[in-house]
>>> print(open('run03.cif').read())   # mmCIF, C-alpha atoms
data_final
loop_
_atom_site.label_atom_id
_atom_site.label_comp_id
_atom_site.auth_asym_id
_atom_site.auth_seq_id
_atom_site.Cartn_x
_atom_site.Cartn_y
_atom_site.Cartn_z
CA MET A 1 -0.84 -18.88 -9.58
CA THR A 2 -0.15 -19.95 -6.01
CA ARG A 3 -2.42 -20.24 -3.02
CA THR A 4 -1.32 -20.56 0.58
CA LYS A 5 -2.77 -20.09 4.04
CA THR A 6 -1.57 -17.55 6.57
CA ARG A 7 -2.21 -17.20 10.28
CA THR A 8 -3.19 -13.95 11.93
CA THR A 9 -1.77 -12.69 15.20
CA ALA A 10 -5.21 -13.21 16.64
CA ALA A 11 -4.84 -16.91 15.73
CA VAL A 12 -7.44 -16.57 13.03
CA CYS A 13 -6.75 -17.71 9.48
CA ALA A 14 -6.74 -14.99 6.82
CA ALA A 15 -6.24 -14.96 3.11
CA LEU A 16 -4.42 -13.52 0.20
CA VAL A 17 -5.88 -14.29 -3.18
CA GLY A 18 -4.44 -13.35 -6.54
CA SER A 19 -3.95 -14.32 -10.18
CA ALA A 20 -1.45 -13.63 -12.94
CA LEU A 21 -2.15 -10.67 -15.16
CA LEU A 22 -2.69 -11.47 -18.80
CA SER A 23 -1.36 -9.03 -21.35
CA ALA A 24 -4.12 -7.39 -23.37
CA CYS A 25 -5.20 -4.03 -24.70
CA GLY A 26 -8.42 -2.70 -23.23
CA SER A 27 -9.90 -2.21 -19.82
CA GLY A 28 -12.33 -3.73 -17.44
CA GLY A 29 -15.03 -3.30 -14.93
CA GLY A 30 -17.10 -5.68 -12.90
CA GLU A 31 -20.65 -6.16 -14.07
CA ARG A 32 -23.34 -6.65 -11.52
CA PRO A 33 -25.56 -8.99 -13.55
CA ASP A 34 -29.30 -8.94 -13.45
CA ALA A 35 -31.18 -11.95 -12.15
CA ALA A 36 -32.45 -14.50 -14.63
CA PRO A 37 -35.95 -13.72 -15.92
CA SER A 38 -38.82 -15.62 -14.37
CA GLY A 39 -39.88 -18.67 -16.33
CA SER A 40 -36.44 -19.07 -17.92
CA GLY A 41 -35.73 -22.30 -16.04
CA VAL A 42 -32.67 -20.67 -14.47
CA PRO A 43 -32.79 -20.08 -10.69
CA HIS A 44 -33.22 -16.46 -9.61
CA GLY A 45 -29.83 -14.90 -8.99
CA TYR A 46 -27.91 -17.52 -10.96
CA VAL A 47 -24.65 -16.28 -12.50
CA GLU A 48 -22.68 -18.65 -14.71
CA GLY A 49 -19.22 -19.37 -13.31
CA ALA A 50 -19.96 -17.90 -9.87
CA GLU A 51 -21.15 -19.28 -6.55
CA GLU A 52 -23.88 -17.43 -4.68
CA GLN A 53 -23.19 -17.03 -0.97
CA ALA A 54 -25.22 -16.10 2.09
CA GLU A 55 -22.96 -13.22 3.14
CA GLN A 56 -20.76 -10.55 1.59
CA GLN A 57 -17.54 -12.03 0.18
CA SER A 58 -15.08 -9.35 1.23
CA ARG A 59 -11.60 -9.34 -0.25
CA LEU A 60 -8.72 -6.87 -0.06
CA VAL A 61 -6.58 -6.15 -3.10
CA LEU A 62 -3.08 -5.22 -1.96
CA ALA A 63 -0.31 -3.75 -4.12
CA ASP A 64 3.38 -3.16 -3.41
CA ALA A 65 4.67 0.03 -5.05
CA GLY A 66 8.28 -1.08 -4.69
CA SER A 67 8.30 -4.68 -5.90
CA GLY A 68 5.20 -4.64 -8.11
CA ALA A 69 3.68 -7.55 -6.19
CA VAL A 70 -0.12 -7.75 -6.08
CA HIS A 71 -2.07 -10.01 -3.73
CA VAL A 72 -5.72 -10.39 -2.83
CA LEU A 73 -6.63 -11.09 0.77
CA ASP A 74 -9.79 -13.18 1.01
CA LEU A 75 -11.31 -12.32 4.37
CA ILE A 76 -13.67 -15.32 4.29
CA THR A 77 -11.66 -18.37 3.21
CA GLY A 78 -8.12 -17.68 4.39
CA GLU A 79 -6.60 -18.42 0.96
CA VAL A 80 -3.49 -16.69 -0.32
CA THR A 81 -2.94 -16.27 -4.08
CA LYS A 82 -0.04 -14.25 -5.44
CA LEU A 83 -0.13 -12.53 -8.80
CA LYS A 84 2.67 -12.24 -11.30
CA ARG A 85 4.88 -9.28 -10.43
CA GLY A 86 4.73 -6.23 -12.64
CA THR A 87 5.93 -2.66 -12.53
CA GLY A 88 5.17 -0.92 -9.27
CA PRO A 89 1.69 0.65 -9.07
CA ARG A 90 1.37 4.34 -8.29
CA ALA A 91 -2.30 4.16 -7.34
CA LEU A 92 -5.10 1.61 -6.94
CA HIS A 93 -8.83 2.01 -7.61
CA THR A 94 -11.88 -0.27 -7.47
CA ASP A 95 -15.49 -0.29 -8.61
CA GLY A 96 -16.47 -2.85 -5.96
CA ARG A 97 -15.35 -5.91 -7.92
CA PHE A 98 -12.55 -4.99 -10.31
CA ALA A 99 -9.25 -3.41 -9.28
CA TYR A 100 -7.40 -0.92 -11.49
CA LEU A 101 -3.67 -0.47 -10.89
CA ASP A 102 -1.97 2.65 -12.25
CA THR A 103 1.50 1.52 -13.35
CA PRO A 104 4.20 2.95 -15.66
CA ASP A 105 3.17 0.30 -18.22
CA GLY A 106 -0.50 1.30 -18.17
CA THR A 107 -3.58 0.38 -16.15
CA ARG A 108 -3.60 -3.23 -14.99
CA VAL A 109 -7.09 -4.67 -14.51
CA LEU A 110 -7.83 -7.46 -12.05
CA ASP A 111 -11.14 -9.24 -11.47
CA SER A 112 -11.14 -9.90 -7.72
CA GLY A 113 -13.90 -12.50 -8.10
CA SER A 114 -16.14 -11.09 -5.37
CA TRP A 115 -19.13 -8.78 -5.77
CA THR A 116 -22.63 -7.87 -4.65
CA VAL A 117 -25.81 -7.42 -6.67
CA ASP A 118 -28.30 -5.11 -4.97
CA HIS A 119 -31.87 -5.36 -6.26
CA GLY A 120 -33.18 -2.84 -3.73
CA ASP A 121 -35.48 -5.18 -1.82
CA HIS A 122 -32.89 -7.99 -1.62
CA VAL A 123 -29.20 -8.58 -2.22
CA HIS A 124 -27.12 -11.35 -3.85
CA TYR A 125 -23.50 -12.10 -2.89
CA TYR A 126 -21.13 -13.87 -5.28
CA ARG A 127 -17.65 -15.34 -5.39
CA ALA A 128 -15.74 -16.63 -8.42
CA ASP A 129 -12.21 -17.26 -9.62
CA ILE A 130 -9.81 -14.34 -9.67
CA ARG A 131 -8.86 -13.37 -13.23
CA ASP A 132 -6.40 -11.00 -14.84
CA LEU A 133 -7.85 -8.96 -17.67
CA GLY A 134 -4.68 -7.30 -18.86
CA THR A 135 -2.95 -3.95 -19.09
CA ILE A 136 -4.36 -1.03 -21.05
CA GLY A 137 -2.55 2.02 -22.36
CA GLY A 138 -3.52 5.65 -22.13
CA LYS A 139 -3.70 8.08 -19.24
CA ALA A 140 -4.07 6.67 -15.76
CA PRO A 141 -7.56 6.87 -14.26
CA ALA A 142 -8.10 9.34 -11.44
CA HIS A 143 -11.78 8.40 -11.16
CA VAL A 144 -13.39 4.95 -11.59
CA HIS A 145 -17.16 4.45 -11.56
CA ALA A 146 -19.45 1.74 -12.86
CA ASP A 147 -23.02 0.52 -13.07
CA GLN A 148 -24.48 -2.71 -14.46
CA ALA A 149 -23.76 -1.72 -18.07
CA LEU A 150 -20.65 0.47 -18.18
CA THR A 151 -17.38 1.20 -16.43
CA ALA A 152 -16.00 4.73 -16.79
CA LEU A 153 -12.30 5.49 -16.36
CA SER A 154 -11.66 9.24 -16.15
CA PRO A 155 -8.11 10.66 -16.02
CA ALA A 156 -7.25 13.82 -14.13
CA GLU A 157 -7.17 15.61 -17.50
CA GLY A 158 -8.52 14.26 -20.76
CA PRO A 159 -11.50 12.33 -22.08
CA THR A 160 -13.18 9.44 -20.28
CA ARG A 161 -13.02 5.89 -21.63
CA LEU A 162 -16.05 3.58 -21.38
CA PHE A 163 -16.03 -0.22 -21.17
CA ASP A 164 -18.78 -2.81 -21.60
CA ARG A 165 -19.18 -4.57 -18.26
CA GLU A 166 -20.91 -7.59 -19.78
CA LYS A 167 -17.81 -8.28 -21.86
CA LEU A 168 -15.62 -7.88 -18.81
CA GLU A 169 -17.86 -10.13 -16.77
CA GLY A 170 -17.23 -12.76 -19.43
CA GLY A 171 -13.48 -12.34 -19.15
CA SER A 172 -12.69 -10.21 -22.22
CA VAL A 173 -11.88 -6.53 -22.46
CA GLY A 174 -14.19 -5.78 -25.35
CA ARG A 175 -14.32 -2.56 -27.31
CA VAL A 176 -13.13 0.65 -25.67
CA ARG A 177 -15.13 3.81 -26.34
CA THR A 178 -13.87 7.33 -25.71
CA LEU A 179 -16.27 10.19 -25.02
CA ASP A 180 -16.08 12.73 -27.83
CA GLY A 181 -15.41 16.44 -27.42
CA ASP A 182 -13.29 18.33 -24.91
CA ALA A 183 -14.89 16.75 -21.87
CA THR A 184 -12.53 16.38 -18.94
CA GLY A 185 -13.34 15.53 -15.35
CA PRO A 186 -15.18 12.70 -13.59
CA VAL A 187 -17.91 10.83 -15.47
CA VAL A 188 -20.33 8.75 -13.38
CA PRO A 189 -22.67 6.10 -14.88
CA TYR A 190 -26.02 6.60 -13.16
CA ALA A 191 -29.65 5.76 -13.92
CA GLU A 192 -28.86 4.47 -17.42
CA HIS A 193 -27.10 7.76 -18.25
CA LEU A 194 -23.73 9.42 -17.68
CA LEU A 195 -23.17 12.41 -15.39
CA ALA A 196 -20.28 14.56 -16.64
CA ALA A 197 -18.92 17.08 -14.14
CA GLY A 198 -16.33 19.82 -14.55
CA ALA A 199 -16.35 19.20 -18.29
CA GLY A 200 -15.78 21.33 -21.36
CA THR A 201 -15.58 25.11 -21.54
CA ASP A 202 -18.36 25.65 -18.99
CA ARG A 203 -16.82 23.71 -16.13
CA ASP A 204 -19.47 24.71 -13.58
CA ARG A 205 -22.15 22.77 -15.44
CA VAL A 206 -23.11 19.18 -14.72
CA ARG A 207 -24.32 17.54 -17.91
CA VAL A 208 -26.50 14.46 -18.36
CA LEU A 209 -25.35 12.32 -21.30
CA ASP A 210 -26.87 9.26 -22.91
CA ARG A 211 -24.86 6.04 -23.15
CA GLU A 212 -23.33 7.20 -26.43
CA GLY A 213 -22.10 10.47 -24.90
CA ALA A 214 -24.68 12.83 -26.40
CA GLU A 215 -25.95 15.55 -24.05
CA VAL A 216 -29.62 15.12 -23.17
CA ALA A 217 -29.90 17.58 -20.27
CA SER A 218 -27.98 20.17 -18.26
CA LEU A 219 -28.69 20.64 -14.56
CA ASP A 220 -29.71 24.11 -13.42
CA GLU A 221 -27.71 24.06 -10.18
CA PRO A 222 -23.98 24.67 -10.86
CA CYS A 223 -21.05 22.92 -9.22
CA ALA A 224 -17.89 25.00 -9.41
CA GLU A 225 -14.42 23.44 -9.11
CA VAL A 226 -15.57 19.82 -8.84
CA ARG A 227 -13.46 17.77 -6.46
CA GLY A 228 -14.59 14.37 -5.28
CA GLU A 229 -17.65 12.33 -6.14
CA ALA A 230 -19.57 9.39 -4.67
CA VAL A 231 -22.56 7.24 -5.59
CA THR A 232 -25.05 6.69 -2.77
CA ARG A 233 -28.57 5.31 -2.42
CA ARG A 234 -29.81 8.91 -2.41
CA GLY A 235 -28.06 9.81 -5.66
CA VAL A 236 -24.68 10.99 -6.90
CA VAL A 237 -22.75 13.47 -4.73
CA LEU A 238 -20.27 15.91 -6.28
CA GLY A 239 -17.93 18.09 -4.23
CA CYS A 240 -18.20 21.79 -5.16
CA ALA A 241 -16.42 24.96 -4.05
CA ASP A 242 -19.45 25.96 -1.95
CA GLY A 243 -20.49 22.51 -0.67
CA ALA A 244 -21.85 19.47 -2.47
CA LEU A 245 -24.31 18.83 -5.26
CA LEU A 246 -26.75 15.92 -4.92
CA VAL A 247 -27.96 14.66 -8.30
CA ARG A 248 -31.01 12.40 -8.39
CA GLU A 249 -33.18 10.72 -11.00
CA GLU A 250 -36.87 9.97 -10.76
CA LYS A 251 -38.99 8.65 -13.61
CA GLY A 252 -36.42 9.70 -16.17
CA LYS A 253 -36.06 13.26 -14.82
CA PHE A 254 -32.79 14.48 -13.33
CA SER A 255 -32.61 17.10 -10.59
CA ALA A 256 -29.84 18.68 -8.55
CA GLU A 257 -29.84 20.05 -5.01
CA LYS A 258 -27.01 22.01 -3.41
CA ILE A 259 -25.94 21.03 0.11
CA ALA A 260 -24.04 24.18 1.02
CA TYR A 261 -21.44 24.63 3.72
CA ASP A 262 -22.67 26.47 6.78
CA GLY A 263 -20.77 29.69 6.16
CA GLN A 264 -17.66 30.59 4.19
CA VAL A 265 -15.06 27.83 3.82
CA ASP A 266 -11.50 28.56 2.66
CA ALA A 267 -10.35 26.68 -0.42
CA ARG A 268 -7.75 24.79 1.61
CA ASP A 269 -10.43 23.51 4.00
CA ARG A 270 -13.08 22.37 1.52
CA ALA A 271 -13.88 18.69 0.92
CA THR A 272 -11.60 17.21 -1.74
CA GLY A 273 -12.52 13.52 -2.01
CA PHE A 274 -15.21 11.36 -0.43
CA ARG A 275 -14.94 8.00 1.38
CA HIS A 276 -17.85 5.95 2.68
CA ARG A 277 -19.12 2.44 3.29
CA ALA A 278 -20.84 0.99 0.26
CA GLY A 279 -24.58 1.60 0.60
CA SER A 280 -24.14 4.34 3.20
CA THR A 281 -25.32 7.93 2.79
CA THR A 282 -22.75 9.36 5.21
CA LEU A 283 -19.57 10.55 3.49
CA VAL A 284 -16.26 11.82 4.86
CA SER A 285 -13.50 13.94 3.37
CA PRO A 286 -10.32 15.52 4.69
CA SER A 287 -10.65 19.21 5.54
CA GLY A 288 -7.22 20.75 5.40
CA ALA A 289 -4.47 18.84 7.18
CA ASP A 290 -6.06 18.27 10.58
CA ALA A 291 -9.84 17.95 10.28
CA VAL A 292 -12.56 15.91 8.58
CA TRP A 293 -15.82 16.89 6.93
CA VAL A 294 -18.76 14.54 7.51
CA LEU A 295 -21.58 14.93 4.98
CA ASP A 296 -24.92 13.41 5.95
CA VAL A 297 -26.70 13.16 2.62
CA THR A 298 -29.99 12.12 4.21
CA ASP A 299 -30.09 15.13 6.54
CA ARG A 300 -28.40 17.44 4.00
CA SER A 301 -25.89 18.58 6.62
CA TRP A 302 -22.14 19.10 7.04
CA THR A 303 -20.17 18.55 10.27
CA ARG A 304 -16.48 19.44 10.66
CA ILE A 305 -14.48 17.50 13.26
CA GLU A 306 -10.96 18.57 14.24
CA THR A 307 -9.00 15.33 14.50
CA GLY A 308 -5.41 16.54 14.48
CA PRO A 309 -2.87 15.75 11.71
CA LEU A 310 -4.64 13.26 9.46
CA THR A 311 -3.70 10.50 7.01
CA ALA A 312 -7.05 8.77 6.33
CA ALA A 313 -10.68 8.77 7.44
CA ASN A 314 -13.88 6.79 6.90
CA THR A 315 -17.15 5.84 8.60
CA ALA A 316 -19.73 3.08 8.51
CA GLY A 317 -22.42 5.78 8.59
CA GLU A 318 -25.95 5.72 10.03
CA GLY A 319 -25.00 6.45 13.64
CA ALA A 320 -21.49 4.98 13.56
CA ASP A 321 -18.43 6.93 14.69
CA LEU A 322 -15.98 8.68 12.41
CA LEU A 323 -12.71 6.73 12.10
CA ALA A 324 -9.52 8.75 11.66
CA LEU A 325 -5.94 7.55 11.18
CA GLY A 326 -3.47 10.12 12.43
CA LYS A 327 -0.03 10.90 11.07
CA ASP A 328 1.33 9.43 14.32
CA GLY A 329 -0.10 5.99 13.44
CA ALA A 330 -2.92 6.15 15.98
CA LEU A 331 -6.49 5.23 15.04
CA THR A 332 -9.20 7.29 16.73
CA SER A 333 -12.99 7.23 16.71
CA TRP A 334 -15.19 10.29 17.06
CA ASP A 335 -18.84 10.79 17.89
CA ILE A 336 -20.11 12.78 14.94
CA ASP A 337 -22.91 14.56 16.77
CA SER A 338 -20.79 15.85 19.66
CA GLY A 339 -17.40 15.97 17.93
CA LYS A 340 -15.83 14.20 20.92
CA GLN A 341 -13.23 11.45 20.71
CA THR A 342 -14.61 8.10 21.91
CA ALA A 343 -11.58 5.78 21.57
CA ARG A 344 -7.90 5.79 20.60
CA LYS A 345 -5.52 2.96 19.66
CA LYS A 346 -1.85 3.22 18.67
CA LEU A 347 -2.18 0.93 15.68
CA LEU A 348 0.67 1.31 13.20
CA ALA A 349 4.26 0.34 13.93
CA GLY A 350 5.48 3.86 13.14
CA ARG A 351 4.13 6.97 11.53
CA ALA A 352 1.39 6.47 8.96
CA ALA A 353 2.44 6.35 5.32
CA ASP A 354 0.68 8.77 3.00
CA SER A 355 -0.90 5.81 1.19
CA ALA A 356 -2.41 4.29 4.34
CA THR A 357 -6.17 4.00 4.10
CA ILE A 358 -9.25 2.83 6.01
CA GLU A 359 -11.71 0.47 4.33
CA VAL A 360 -15.04 -0.05 6.10
CA ASP A 361 -17.75 -2.67 5.75
CA THR A 362 -20.82 -3.49 7.84
CA GLY A 363 -18.91 -4.85 10.83
CA ARG A 364 -15.20 -4.23 10.48
CA ALA A 365 -12.63 -1.68 9.33
CA TYR A 366 -9.31 -2.49 7.64
CA VAL A 367 -6.10 -0.45 7.82
CA ASN A 368 -2.93 -1.15 5.84
CA ASP A 369 0.44 -0.73 7.55
CA PRO A 370 3.21 -0.65 4.91
CA GLY A 371 5.91 -0.21 7.55
CA ALA A 372 5.03 -3.43 9.38
CA ARG A 373 3.83 -5.34 6.29
CA LYS A 374 0.47 -5.98 7.90
CA VAL A 375 -3.23 -5.28 7.53
CA TYR A 376 -5.29 -4.78 10.67
CA GLU A 377 -8.94 -5.72 11.10
CA ILE A 378 -10.69 -3.44 13.60
CA ASP A 379 -14.00 -3.95 15.38
CA TYR A 380 -15.14 -0.33 15.35
CA ASN A 381 -18.19 -1.19 17.49
CA ASP A 382 -15.95 -2.38 20.36
CA ARG A 383 -13.74 0.61 21.12
CA LEU A 384 -11.41 -0.10 18.18
CA ARG A 385 -10.61 -3.63 19.30
CA LEU A 386 -7.99 -5.36 17.15
CA ALA A 387 -9.91 -8.37 15.82
CA ARG A 388 -7.24 -9.78 13.50
CA ALA A 389 -3.81 -8.84 12.17
CA PHE A 390 -2.68 -10.22 8.83
CA PRO A 391 1.10 -10.57 8.30
CA LEU A 392 1.96 -10.18 4.62
CA SER A 393 4.81 -11.15 2.28
CA LEU A 394 4.54 -7.83 0.44
CA THR A 395 4.50 -4.19 1.48
CA PRO A 396 0.82 -3.13 1.29
CA THR A 397 1.43 0.32 -0.16
CA HIS A 398 -2.06 0.43 -1.67
CA MET A 399 -5.28 -1.31 -0.59
CA VAL A 400 -8.91 -1.48 -1.74
CA GLU A 401 -11.81 -3.65 -0.62
CA THR A 402 -13.98 -5.59 -3.07
CA GLY A 403 -17.10 -7.72 -2.72
CA ARG A 404 -19.41 -4.72 -2.47
#
>>> encode(input="run03.cif", output="structure tokens")
Amino acid sequence: MTRTKTRTTAAVCAALVGSALLSACGSGGGERPDAAPSGSGVPHGYVEGAEEQAEQQSRLVLADAGSGAVHVLDLITGEVTKLKRGTGPRALHTDGRFAYLDTPDGTRVLDSGSWTVDHGDHVHYYRADIRDLGTIGGKAPAHVHADQALTALSPAEGPTRLFDREKLEGGSVGRVRTLDGDATGPVVPYAEHLLAAGAGTDRDRVRVLDREGAEVASLDEPCAEVRGEAVTRRGVVLGCADGALLVREEKGKFSAEKIAYDGQVDARDRATGFRHRAGSTTLVSPSGADAVWVLDVTDRSWTRIETGPLTAANTAGEGADLLALGKDGALTSWDIDSGKQTARKKLLAGRAADSATIEVDTGRAYVNDPGARKVYEIDYNDRLRLARAFPLSLTPTHMVETGR
């Protein structure tokens, strides 16, 4: 494992953090541990092996599809750690702490060592050493979701595998469980249960399962042709052919509410996958090749904004602009209420790669530029001002943000 420092073009120090992947069979997730019980003699919020911090410990996991290099950019400390090279990843997912790399050898699991524990009325932020938890076999995950107890890895087709987050938090893979039956589609841990969508012979049903995978309820409101899902403070959102389904739990009872499109929407223009800032209830999804859907879960409303040819989109939500990265490499911001463009910056060195993405936190946005081997930090509250630029020693084909 190596650590170095790197300077940004804005003369601000940035970081790449990594660790060498251990070889193991199993999978991981990042537990968000509960606080120590009162009267235990252990300070509230204490987590063994971690340091509690006063602010979110944001890190970017970066993966090079060509060379197999994987780095983690620590946005707080400016450290650089480089992981052992492996086979080139085809995709990269995160649950807020752990990164999951889809490679020809299996799914590589990395503990980024940064996470957030949200108790509702207060929040804890943690940082710890970066650890490699190994490579697991089986189908690559298309969907990754987790809560404090379980991590669910769901392939595009086939059964979901479940992992004990407490074991992973301790640095071991633990026992892998596979959901029985012919279930296929995304599975989301939520409210001490599992939501299974697009599963089995009746794919329009959303089923509520217990932790062992047994069905305990079926929601009345259907969700046909599930595409895309997100967990928000208001509940779990599933993308359906006719809009979105909001699933909530209250006092052990599950309910579902359809947030329908305003009028008929062609299949090619429907929402296909949601992005949002962690904790936000405003979601975005591409709509066809040149527009973006904005779903306000709080207001139960859809807004479609025509952005032009699109590569990636995201938003900080709650009154913030929509951010859109065009095929031409320009980053634009859009007022969601009016649909008008508010700022434009030619950001990337050339045209945007298909894998370029926008990660958003409470004050900044991050865009990977594989062509220039850089990551850009954008102040989206200041007309897309370039706050920092991070030169890299790998091609950042894939990028996810952790520490959430």
>>> closest_atom_pairs(input="run03.cif", of="range 113-175 of chain A", to="range 230-248 of chain A", cutoff="12 Å", atoms="only C-alpha atoms", output="JSON lines")
{"residue": "A:Asp118", "atom": "CA", "partner": "A:Arg233", "partner_atom": "CA", "distance": 10.7}
{"residue": "A:His119", "atom": "CA", "partner": "A:Arg233", "partner_atom": "CA", "distance": 11.8}
{"residue": "A:Gly120", "atom": "CA", "partner": "A:Arg233", "partner_atom": "CA", "distance": 9.5}
{"residue": "A:His143", "atom": "CA", "partner": "A:Ala230", "partner_atom": "CA", "distance": 10.2}
{"residue": "A:Val144", "atom": "CA", "partner": "A:Ala230", "partner_atom": "CA", "distance": 10.3}
{"residue": "A:His145", "atom": "CA", "partner": "A:Val231", "partner_atom": "CA", "distance": 8.5}
{"residue": "A:Ala146", "atom": "CA", "partner": "A:Val231", "partner_atom": "CA", "distance": 9.6}
{"residue": "A:Asp147", "atom": "CA", "partner": "A:Val231", "partner_atom": "CA", "distance": 10.1}
>>> resolve_selection(input="run03.cif", expression="the PyMOL selection byres ((chain A and resi 253) around 12)", output="short mmCIF file (atom, residue, chain, number, x, y, z; two decimals) with C-alpha atoms, in the frame of the given file")
data_model
loop_
_atom_site.label_atom_id
_atom_site.label_comp_id
_atom_site.auth_asym_id
_atom_site.auth_seq_id
_atom_site.Cartn_x
_atom_site.Cartn_y
_atom_site.Cartn_z
CA ALA A 191 -29.65 5.76 -13.92
CA GLU A 192 -28.86 4.47 -17.42
CA HIS A 193 -27.10 7.76 -18.25
CA VAL A 208 -26.50 14.46 -18.36
CA VAL A 216 -29.62 15.12 -23.17
CA ALA A 217 -29.90 17.58 -20.27
CA SER A 218 -27.98 20.17 -18.26
CA LEU A 219 -28.69 20.64 -14.56
CA VAL A 247 -27.96 14.66 -8.30
CA ARG A 248 -31.01 12.40 -8.39
CA GLU A 249 -33.18 10.72 -11.00
CA GLU A 250 -36.87 9.97 -10.76
CA LYS A 251 -38.99 8.65 -13.61
CA GLY A 252 -36.42 9.70 -16.17
CA PHE A 254 -32.79 14.48 -13.33
CA SER A 255 -32.61 17.10 -10.59
CA ALA A 256 -29.84 18.68 -8.55
#
>>> resolve_selection(input="run03.cif", expression="the PyMOL selection byres ((chain A and resi 65) around 10)", output="ChimeraX atom specification")
/A:62-64,66-70,86-91,103,394-398
>>> atom_distance(input="run03.cif", atom1="CA of Trp302 in chain A", atom2="CA of Gly403 in chain A")
29.0 Å
>>> atom_distance(input="run03.cif", atom1="CA of Leu325 in chain A", atom2="CA of Ala353 in chain A")
10.3 Å
>>> atom_distance(input="run03.cif", atom1="CA of Ala214 in chain A", atom2="CA of Ala152 in chain A")
15.3 Å
>>> residues_around(input="run03.cif", residues="Ala267 in chain A", least_positions_apart="3", cutoff="9 Å", atoms="only C-alpha atoms", output="PyMOL selection string")
chain A and resi 241+270-271+288
>>> closest_residue(input="run03.cif", among="A:Gly273, A:Pro391, A:Gly363, A:Gly329", to="Gln56 in chain A", atoms="all atoms listed in the file")
A:Gly363
>>> resolve_selection(input="run03.cif", expression="the PyMOL selection byres ((chain A and resi 93) around 9)", output="PyMOL selection string")
chain A and resi 91-92+94-95+98-102+141-144+399-400
>>> residues_around(input="run03.cif", residues="Thr315 in chain A", least_positions_apart="6", cutoff="10 Å", atoms="only C-alpha atoms", output="PyMOL selection string")
chain A and resi 275-277+280+282-284+294+321-324+333-334+336+358-361+365+380
>>> residues_around(input="run03.cif", residues="Arg385 in chain A", least_positions_apart="2", cutoff="12 Å", atoms="only C-alpha atoms", output="count of residues only")
24
>>> axis_aligned_box(input="run03.cif", around="range 225-231 of chain A", padding_each_side="3 Å", output="AutoDock Vina command-line options")
--center_x -18.0 --center_y 15.3 --center_z -6.9 --size_x 15.1 --size_y 22.2 --size_z 10.4
>>> closest_residue(input="run03.cif", among="A:Ala320, A:Leu150, A:Ile76, A:Cys223", to="Leu194 in chain A", atoms="only C-alpha atoms")
A:Leu150
>>> residues_around(input="run03.cif", residues="Glu157 in chain A", least_positions_apart="6", cutoff="9 Å", atoms="all atoms listed in the file", output="ChimeraX atom specification")
/A:139,142,183-185
>>> residues_around(input="run03.cif", residues="Asp354 in chain A", least_positions_apart="2", cutoff="12 Å", atoms="only C-alpha atoms", output="ChimeraX atom specification")
/A:91,309-312,325-329,351-352,356-358,368-371,397-398
>>> closest_residue(input="run03.cif", among="A:Arg268, A:His44, A:Arg203, A:His71", to="Arg85 in chain A", atoms="only C-alpha atoms")
A:His71
>>> closest_residue(input="run03.cif", among="A:Gly113, A:Gly228, A:Gly137, A:Pro286", to="Asp269 in chain A", atoms="all atoms listed in the file")
A:Pro286
>>> closest_residue(input="run03.cif", among="A:Ala349, A:Ala316, A:Val375, A:Leu162", to="Val61 in chain A", atoms="all atoms listed in the file")
A:Val375
>>> decode(input="run03.cif", residues="range 215-234 of chain A", atoms="C-alpha atoms", output="compact mmCIF listing (two decimals), in the first residue's frame")
# COMPACT_ATOMS: atom_id res chain seq x y z
CA GLU A 215 -42.99 -13.16 1.84
CA VAL A 216 -44.94 -11.35 4.56
CA ALA A 217 -46.94 -8.91 2.42
CA SER A 218 -47.68 -7.87 -1.15
CA LEU A 219 -48.37 -4.24 -2.00
CA ASP A 220 -51.68 -3.45 -3.70
CA GLU A 221 -50.28 -0.83 -6.08
CA PRO A 222 -48.44 -2.50 -9.01
CA CYS A 223 -45.19 -1.38 -10.59
CA ALA A 224 -44.83 -2.67 -14.13
CA GLU A 225 -41.42 -2.98 -15.83
CA VAL A 226 -39.32 -1.86 -12.87
CA ARG A 227 -36.32 0.22 -13.87
CA GLY A 228 -34.36 2.17 -11.31
CA GLU A 229 -34.72 2.43 -7.56
CA ALA A 230 -33.59 4.77 -4.79
CA VAL A 231 -33.83 4.97 -1.01
CA THR A 232 -34.88 8.38 0.35
CA ARG A 233 -35.99 9.80 3.68
CA ARG A 234 -39.57 9.53 2.41
